[in-house]
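All remarks here apply to the structure that follows.
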Amino acid sequence: MQEVLMIAKKGLLSGLKTLWTLAKVVAPVYFLVSLLELTGILAVLADWLQPFMALFGLPGQAALILVIGNFVNLFSAIGAMAAISLTPKEITIIASMLLISHSLIMEGAVVKKAGANPFFHTILRITLSALVGVIFNQLIK
């Protein structure tokens with residue numbers, strides 16, 4: 001019984017550490033996106049990017065989510081997604097695109113360390129991500 005309690009305590013502490021790690025990333029991004037929305041800056045960016053984002057069936061605000069996911073990490077993109085109201089279709093498209101292209105800078109360094117061409121790898125991931133966005137926009141109703 002005591003061994004079970006020790007394991008449960010260890011699991012709880014590990015879970016709390018993970019929660020804290022994620023909260024340190026997600027909360028500031030959520031706050032920043034909310035601030036951009038309140039100040040009207042997000043609306044200006046969204047209007048400007050709307051024609052491009054329409055290719056993917058996404059609102060202009062989704063560009064911020066894609067930028068954050070590609071240059072920071074997926075957890076930050078989740079924080080940004082939480083701050084913007086999106087339909088299930090839009091969430092599916094963004095998630096699919098970010099599954100292909102995310103954390104480009106960090107993963108580019110990993111690709112280079114592995115001996116591959118990081119520029120080619122990054123362009124390939126961005127291209128495939130955009131292609132999936134366009135295809136999913138057409139397929140998902």
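Following the order of the structure tokens, first chain is A, next is B, and so on, with residues numbered from 1 inside each chain and ligands from 1 in the order they appear.
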- Message: Could you list, as a list in words, every residue within 9 Å of Ser76 (chain A), counting only C-alpha atoms and ignoring same-chain residues fewer than 2 positions away?
- Response: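 Within the cut-off, the hits are Leu22, Val25, Val26, Ala27, Pro28, Val29, Tyr30, Ile65, Ile68, Gly69, Val72, Asn73, Leu74, Ile78, Gly79, Ala80 and Met81 of chain A.
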Selection export as an mmCIF file, in the first residue's frame, atoms kept: C-alpha atoms:
data_model
loop_
_atom_site.group_PDB
_atom_site.id
_atom_site.type_symbol
_atom_site.label_atom_id
_atom_site.label_comp_id
_atom_site.auth_asym_id
_atom_site.auth_seq_id
_atom_site.Cartn_x
_atom_site.Cartn_y
_atom_site.Cartn_z
ATOM 1 C CA LEU A 22 2.956 24.255 -19.965
ATOM 2 C CA VAL A 25 4.175 28.977 -22.104
ATOM 3 C CA VAL A 26 0.435 28.893 -22.754
ATOM 4 C CA ALA A 27 -0.686 31.609 -20.312
ATOM 5 C CA PRO A 28 1.583 34.420 -21.616
ATOM 6 C CA VAL A 29 0.678 33.656 -25.231
ATOM 7 C CA TYR A 30 -3.019 33.607 -24.359
ATOM 8 C CA ILE A 65 -1.597 31.001 -34.573
ATOM 9 C CA ILE A 68 3.390 31.209 -33.234
ATOM 10 C CA GLY A 69 3.204 27.457 -33.856
ATOM 11 C CA VAL A 72 7.705 29.144 -31.048
ATOM 12 C CA ASN A 73 6.039 25.781 -30.359
ATOM 13 C CA LEU A 74 2.766 23.897 -30.443
ATOM 14 C CA ILE A 78 -2.697 26.110 -28.391
ATOM 15 C CA GLY A 79 -2.695 29.145 -26.101
ATOM 16 C CA ALA A 80 -3.288 31.401 -29.083
ATOM 17 C CA MET A 81 -6.066 29.137 -30.373
#
- region 94-108 of chain A environment, 6 Å, only C-alpha atoms, sequence neighbours closer than 4 positions dropped, as a PyMOL selection string: chain A and resi 69-73+118+125-126+129+133
- Using only C-alpha atoms, which of the listed residues (A:Ile91, A:Ala114, A:Ala43, A:Leu36) sits closest to Leu66 (chain A)?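 Under the stated criterion, the closest residue is A:Ile91.
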- Could you tell me, as a PyMOL selection string, which residues of region 48-83 of chain A DSSP assigns to alpha helix (DSSP H) when given the backbone? chain A and resi 48-53+62-71+74-83
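Here CA of Asn137 (chain A) and CA of Ala46 (chain A) stand 18.3 Å from one another.
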